[in-house]
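The next block holds one structure in the form of structure tokens; read it before the comments.
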Amino acid sequence: MKQVTIQDCRMELIYLTNEKKHFHQELELIYLIDREASLDAEESYVLKQNDIAVINSNIQHSVSTGSRTIAFRLMIPYRLLGRMTSEEVVFFQCNSALYISNNYKEIRRLAETLLLNYLSMDSRDLSELASIIFQIIHELLENFSVDKNRIALYLKKFENRKIDRILNYINLHYFEPLSLMDVAEHFGVSETYLSRYFKKQTGENFVNYVNDVRTDNAAFELSSTEKSITNIAVDNGFSTPSVMNRYFRRKYGITPSGYREKSRIISREAVIEEEKAEQVKEQISRKIEEDTKKSGSSKKVVIRNLRDSAEWTNKNMLINIGEAGVVGEAQIQKHILFIREVLGFPYVRIWNLFSEKFMIAEDFSGDSFNFDYLDRIFDFFVHNKIPLFVDMGKRTRVIMGTSSNELYSAMQQYTLADIGEWKNLLEHFIVHLTRRYDRKILEQWIFEFPWNKEAYYEENYDYVMAYRTGREIIKKHLPNCRIAGVCPNPDVNEKQIRNVIHELKVQEIFPEILTMKVFPDYSHQMMEEVIHHAGNDYLYARRFIEKIRAMAEEEGAACQICVCEWSNSISNRNIIQDSCARGTYVIRFIQSIWQLVDMLGFWHGSDAVDLFYDSKKLIYGGGGLLTKDGIKKPSFYAFEFLSKLGNHMLRIGNNYIMTRNSAGTIICLCFNHREYSSYYYLKKDTEILDISKVFLSEDRERIEFTINGLEQDGIYIVKEEVINSKAGSIQDEWQLLGNQEELGSGEITYLKNMCIPKLYMKQTVSVGGEINFSVVLEPHEMRMIYIYKY
């Protein structure tokens with residue numbers, strides 16, 4: 001098939017050929033029609049049938065493929081993209097082989113539509129082709145563009161320095177009469193400064209670099225278009241063809257015409273025969289038709305054996321509350337008791353015990369310590385028989401606006417001079433606890449010494465030494481107490497963690513509980529070789545947990561694994577956290593990692609610990625399960641539903657967990673989790689989001705269940721509890737009240753009564769030990785189903 005050019009965008013249906021490392025200024029979109037091809041562009045990956053990928057401008061890449069691999073290729077000039085956006089750098093994260101959870105439905109549909117129109121092209125009217133191309137560009141800019149501050153996550157050489165922006169500016173304007181003065185004026189610097197800076201950063205002078213860019217792009221056009229050499233020279237910024245010829249010989253050692261002829265010999269292998277093109281046309285037409293039919297299909301689930309089943313264990317055994325100081329507030333205590341009563345979390349985790357506002361001591365090397373404030377906090381837990389998971393580390397008090405923007409940050413913990421003061425403080429603290437409370441109560445507690453960013457003391461700080469000191473003191477007074485530790489901060493690399501785990505094992509002081517934090521926007525240095533792709537939260541979390549767990553197993557260390565802090569975001573201002581979507585996220589996350597861990601600590605219990613100047617509103621994206629007024633969020637119900645599952649696992653799938661309890665009741669938790677779109681991951685401000693763009697799709701899910709092997713025939717009750725946007729969602733109920741910032745006690749009580757699951761009941765008949773029922777799940781819906789004999 002002949003190559004077609006519209007608005008400087010080139011498209012062609014080709015047999016892919018092996019291509020050595022090369023790059024070009026144009027954006028390359030590849031849609032694989034048949035077979036497979038291996039590509040290497042920053043990362044290696046394999047494109048298979050129906051995969052779609054974008055190779056960004058000036059990214060070195062190579063292609064390796066067998067014979068007769070068919071692909072549709074669209075080349076989009078980078079300068080065209082530059083004219084359509086105000087972004088300084090244009091970079092896309094669009095690759096269905098790498099970023100598997102992104103939504104490629106629309107971009108794939110557009111590529112297929114463009115291909116069909118290209119194969120049925122009427123040369124008299126190319127406007128429809130042009131229209132589809134611009135729709136593709138819009139889709140890329142709208143849903144796959146990466147903010148310049150995050151490009152380094154996907155492109156290691158890009159650091160968002162001034163030189164990166166200068167080189168990108170050249171890539172956008174190389175075809176113009178571009179001078180050093182033009183670029184210096186654009187970036188607000190002098191020509192002299194820019195000349196020296198450019199030479200220092202690139203090793204080349206400005207003029208040679210610009211002409212090298214022009215030469216590379218001219219070479220690409222020579223090999224891939226039929227444009228005349230004169231036009232190619234002018235279109236790429238050369239004043240005359242002879243100037244291009246000079247630079248071309250210098251770089252490639254051959255004339256432009258010789259380069260073109262050599263390229264033509266290779267490109268002949270890629271020509272698609274007319275007969276094959278017709279077959280592709282039929283194939284794509286059938287695919288579009290089948291995709292249309294599939295959109296209305298349902299999943300069928302058959303449960304054949306109710307006797308042989310695995311064990312489902314609900315490991316949500318820990319709820320984070322926050323700094324010890326907040327527990328003194330009546331509202332927080334009320335929320336803790338409510339969460340424990342309804343959700344049954346056996347442990348509550350708190351931190352920052354040694355806050356300056358507690359007035360503990362003036363001299364930490366002496367013998368005078370005042371633990372009166374802490375006593376009031378511990379009295380509350382002891383009186384209510386709530387075991388504590390105590391984080392003994394030092395950590396900054398932070399309220400996160402986004403994953404990288406701090407609304408508030410303050411260090412309120414005492415600063416200790418050396419390990420002597422650390423040891424003295426701990427000794428007095430533990431002795432005080434053992435005098436005040438029964439040892440049997442204290443030995444139910446878990447004391448954790450995490451590897452936080454903040455040092456426990458200043459002089460000659462060493463984590464292993466600090467941990468060892470704390471462990472020895474607690475074990476001396478509470479020998480049966482469990483010790484938790486490590487919980488590496490994100491700045492610690494893999495080698496450092498391995499060394500610490502090894503050292504703890506060698507010294508025979510390995511923690512009984514090995515802890516870690518897992519947030520999708522909390523990247524660890526030890527995972528730097530595993531790029532955290534948008535949509536792969538669960539895969540990334542699993543690999544992180546597996547990696548640390550493997551380190552302990554390699555050392556032969558017997559311990560429990562605890563994810564002591566986890567959520568959909570580390571932010572305290574993320575509107576998703578008030579929505580039904582967070583509820584389904586909770587279920588999906590637990591479902592994906594529950595077999596890897598022994599304890600899970602959710603972040604966190606109540607929005608009342610996140611109060612700030614902006615928390616006047618009823619809800620504001622806080623990280624809690626309860627609003628500041630104690631209204632249950634959908635994420636609260638996610639944990640409540642999980643706690644009601646039976647111990648016998650019957651079947652688990654992407655949208656359901658089916659169990660049976662000891663009374664024989666079948667309990668099934670269904671949920672319609674929608675993955676985040678690239679828009680969500682690529683936006684910096686997670687409080688101000690266009691919610692309509694946050695998810696890959698808003699599709700319903702229909703599941704048809706067949707359960708065999710029931711002991712009795714007859715009538716069965718099917719009871720359902722539903723949380724979705726129309727039932728039980730605080731975010732949606734508040735919208736019905738006009739999102740009013742100031743609500744009275746009557747309105748708060750009303751919302752508490754409204755934000756509950758919708759209840760449905762119906763009957764079904766078992767015949768031959770079999771019943772059938774179906775559910776249609778709205779997007780982000782959670783549905784708890786109980787099936788029992790009438």
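By order of appearance in the structure tokens: chains A, B, ..., then residues from 1 within every chain, and ligands from 1 in the order shown.
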
Requested in this report: Please provide the set of residues having any atom within 6 Å of Ser677 in chain A, restricted to only C-alpha atoms, with same-chain residues fewer than 3 positions apart removed, written as a PyMOL selection string.
Outcome: chain A and resi 102+680+694-696

Report task. Please provide as a PyMOL selection string all residues within 10 Å of Phe641 in chain A, with the sequence filter that same-chain residues fewer than 6 positions apart are discarded (counting only C-alpha atoms). Result -> chain A and resi 343+587+635+667-670+721+782-785

I'd like a table as a Markdown table: residues in range 606-660 of chain A with an atom no more than 12 Å from range 572-577 of chain A, each row giving the shortest atom pair and its distance in Å to one decimal, only C-alpha atoms counted, sorted by chain and rising residue number.
```
| residue | atom | partner | partner_atom | distance |
| --- | --- | --- | --- | --- |
| A:Ser606 | CA | A:Asn572 | CA | 10.9 |
| A:Asp607 | CA | A:Asn572 | CA | 8.5 |
| A:Ala608 | CA | A:Asn572 | CA | 11.1 |
| A:Val609 | CA | A:Asn572 | CA | 9.8 |
| A:Asp610 | CA | A:Asn572 | CA | 6.8 |
| A:Leu611 | CA | A:Asn572 | CA | 9.6 |
| A:Phe612 | CA | A:Asn572 | CA | 10.3 |
| A:Asp614 | CA | A:Arg573 | CA | 9.6 |
| A:Ser615 | CA | A:Arg573 | CA | 9.6 |
| A:Lys617 | CA | A:Arg573 | CA | 11.9 |
| A:Ile619 | CA | A:Ile575 | CA | 8.4 |
| A:Tyr620 | CA | A:Arg573 | CA | 6.2 |
| A:Gly621 | CA | A:Ile575 | CA | 4.1 |
| A:Gly622 | CA | A:Asn572 | CA | 4.7 |
| A:Gly623 | CA | A:Asn572 | CA | 5.1 |
| A:Gly624 | CA | A:Gln577 | CA | 7.8 |
| A:Leu625 | CA | A:Gln577 | CA | 8.5 |
| A:Leu626 | CA | A:Gln577 | CA | 10.4 |
| A:Thr627 | CA | A:Gln577 | CA | 10.3 |
| A:Lys632 | CA | A:Gln577 | CA | 11.8 |
| A:Lys633 | CA | A:Gln577 | CA | 8.4 |
| A:Pro634 | CA | A:Gln577 | CA | 8.8 |
| A:Ser635 | CA | A:Gln577 | CA | 7.8 |
| A:Phe636 | CA | A:Gln577 | CA | 10.7 |
```

Requested in this report: With a distance cut-off of 6 Å and only C-alpha atoms, select the neighbouring residues of range 457-468 of chain A, excluding the residue or stretch itself and same-chain residues fewer than 2 positions from it, and output the selection as a PyMOL selection string.
Outcome: chain A and resi 416-418+449+455+470-471

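Distances here use only C-alpha atoms; by that measure, the residue among A:Phe92, A:Pro490, A:Ser569, A:Leu596 closest to Asp147 in chain A is A:Phe92.
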
Requested in this report: Please identify all polymer residues within 10 Å of range 36-52 of chain A, counting only C-alpha atoms, omitting same-chain residues fewer than 5 positions from it, and present them as a VMD selection string.
Outcome: chain A and resid 16 to 23 29 to 31 59 to 73 94 to 98 104 107 to 108 111 to 112 154 to 157 284 287 531

Query - For Val382 in chain A: contacts at 12 Å, only C-alpha atoms, fewer than 2 positions along chain excluded, given as number ranges by chain - result: A: 348, 375-380, 384-388, 433, 436-442, 444-445

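For the pair CA of Trp312 in chain A and CA of His648 in chain A, the interatomic distance is 5.6 Å.
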
Requested in this report: Return as a list in words the full set of residues in range 384-424 of chain A whose backbone-based DSSP assignment is alpha helix (DSSP H).
Outcome: Ile419, Gly420, Glu421, Trp422, Lys423 and Asn424 of chain A

Those residues with all heavy atoms, as a JSON list (two decimals), in the first residue's frame please?
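File out_35.json, as written:
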```
[["chain", "number", "residue", "atom", "x", "y", "z"],
["A", 419, "ILE", "N", 22.69, 8.41, 71.34],
["A", 419, "ILE", "CA", 22.03, 7.15, 71.70],
["A", 419, "ILE", "C", 21.87, 7.00, 73.21],
["A", 419, "ILE", "O", 20.96, 6.32, 73.67],
["A", 419, "ILE", "CB", 22.82, 5.96, 71.11],
["A", 419, "ILE", "CG1", 21.95, 4.69, 71.17],
["A", 419, "ILE", "CG2", 24.16, 5.76, 71.83],
["A", 419, "ILE", "CD1", 22.49, 3.54, 70.38],
["A", 420, "GLY", "N", 22.70, 7.69, 73.96],
["A", 420, "GLY", "CA", 22.56, 7.64, 75.41],
["A", 420, "GLY", "C", 21.23, 8.23, 75.86],
["A", 420, "GLY", "O", 20.55, 7.68, 76.73],
["A", 421, "GLU", "N", 20.85, 9.37, 75.27],
["A", 421, "GLU", "CA", 19.58, 9.98, 75.62],
["A", 421, "GLU", "C", 18.40, 9.12, 75.13],
["A", 421, "GLU", "O", 17.38, 9.01, 75.80],
["A", 421, "GLU", "CB", 19.48, 11.38, 75.01],
["A", 421, "GLU", "CG", 20.41, 12.39, 75.68],
["A", 421, "GLU", "CD", 20.13, 13.83, 75.28],
["A", 421, "GLU", "OE1", 19.31, 14.05, 74.36],
["A", 421, "GLU", "OE2", 20.72, 14.74, 75.90],
["A", 422, "TRP", "N", 18.57, 8.53, 73.96],
["A", 422, "TRP", "CA", 17.54, 7.64, 73.42],
["A", 422, "TRP", "C", 17.30, 6.45, 74.36],
["A", 422, "TRP", "O", 16.17, 6.10, 74.70],
["A", 422, "TRP", "CB", 17.96, 7.17, 72.03],
["A", 422, "TRP", "CG", 17.19, 6.04, 71.40],
["A", 422, "TRP", "CD1", 17.70, 4.86, 70.96],
["A", 422, "TRP", "CD2", 15.79, 6.00, 71.07],
["A", 422, "TRP", "NE1", 16.71, 4.08, 70.40],
["A", 422, "TRP", "CE2", 15.52, 4.75, 70.46],
["A", 422, "TRP", "CE3", 14.73, 6.88, 71.27],
["A", 422, "TRP", "CZ2", 14.26, 4.38, 70.02],
["A", 422, "TRP", "CZ3", 13.46, 6.50, 70.83],
["A", 422, "TRP", "CH2", 13.24, 5.26, 70.22],
["A", 423, "LYS", "N", 18.40, 5.86, 74.81],
["A", 423, "LYS", "CA", 18.31, 4.70, 75.72],
["A", 423, "LYS", "C", 17.70, 5.11, 77.06],
["A", 423, "LYS", "O", 16.85, 4.39, 77.60],
["A", 423, "LYS", "CB", 19.71, 4.12, 75.92],
["A", 423, "LYS", "CG", 19.74, 2.88, 76.77],
["A", 423, "LYS", "CD", 21.16, 2.30, 76.83],
["A", 423, "LYS", "CE", 21.20, 1.02, 77.65],
["A", 423, "LYS", "NZ", 22.58, 0.45, 77.68],
["A", 424, "ASN", "N", 18.10, 6.25, 77.57],
["A", 424, "ASN", "CA", 17.60, 6.72, 78.86],
["A", 424, "ASN", "C", 16.10, 7.01, 78.81],
["A", 424, "ASN", "O", 15.34, 6.64, 79.72],
["A", 424, "ASN", "CB", 18.37, 7.98, 79.28],
["A", 424, "ASN", "CG", 18.11, 8.36, 80.73],
["A", 424, "ASN", "OD1", 18.14, 7.52, 81.63],
["A", 424, "ASN", "ND2", 17.84, 9.64, 80.95]]
```

Query raised in the report: When distances are computed from only C-alpha atoms, which of A:Ile691, A:Ala581, A:Val597, A:Ile336 shows the smallest separation from Glu675 in chain A?
Result: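 With only C-alpha atoms as the atom set, the closest residue is A:Ala581.
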
Report task. Please provide as a VMD selection string all residues within 9 Å of Ile166 in chain A, with the sequence filter that same-chain residues fewer than 3 positions apart are discarded (counting only C-alpha atoms). Result -> chain A and resid 161 to 163 169 to 171 183 187 198

Got time to write the residues from that selection, C-alpha atoms, as a PDB file, in the first residue's frame?
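The file below, part_33.pdb, is the result:
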```pdb
ATOM      1  CA  ARG A 161      16.699  20.774  33.628  1.00  0.00           C
ATOM      2  CA  LYS A 162      17.110  23.943  31.602  1.00  0.00           C
ATOM      3  CA  ILE A 163      19.135  22.065  28.984  1.00  0.00           C
ATOM      4  CA  TYR A 169      12.610  23.960  22.100  1.00  0.00           C
ATOM      5  CA  ILE A 170      15.091  23.204  19.319  1.00  0.00           C
ATOM      6  CA  ASN A 171      13.129  20.059  18.427  1.00  0.00           C
ATOM      7  CA  VAL A 183      16.714  30.797  21.782  1.00  0.00           C
ATOM      8  CA  PHE A 187      14.739  31.647  27.772  1.00  0.00           C
ATOM      9  CA  PHE A 198      25.055  24.861  25.704  1.00  0.00           C
TER      10      PHE A 198
END
```

Report task. State, in Å with one decimal place, the distance from CA of Ile332 in chain A to CA of Glu640 in chain A. Result ->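 A separation of 19.5 Å between them.
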
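Take CA of Ser662 in chain A and CA of Lys300 in chain A: the distance between them is 26.2 Å.
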
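Shortest atom-to-atom contact with Ser571 in chain A among A:Tyr174, A:Tyr408, A:Tyr78, A:Tyr676: A:Tyr408, counting only C-alpha atoms.
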
Requested in this report: Would you please work out which residue, of A:Asp235, A:Glu329, A:Glu191, A:Glu282, is nearest to Ile33 in chain A when using only C-alpha atoms?
Outcome: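 The answer is A:Glu282, which sits nearest to Ile33 in chain A.
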
**Report entry** Those in range 22-58 of chain A with strand (DSSP E or B) from DSSP, as a list in words
**Finding:** His22, Leu27, Glu28, Leu29, Ile30, Tyr31, Leu32, Ala37, Ser38, Leu39, Asp40, Ala41, Glu43, Ser44, Tyr45, Val46, Leu47, Ile52, Ala53, Val54 and Ile55 of chain A

Report task. Find the spatial neighbours of range 231-234 of chain A, counting only C-alpha atoms, within a cut-off of 10 Å - ignore same-chain residues fewer than 2 positions away - and output them as a PyMOL selection string. Result -> chain A and resi 175-176+214-215+217-222+225-229+236-245+256
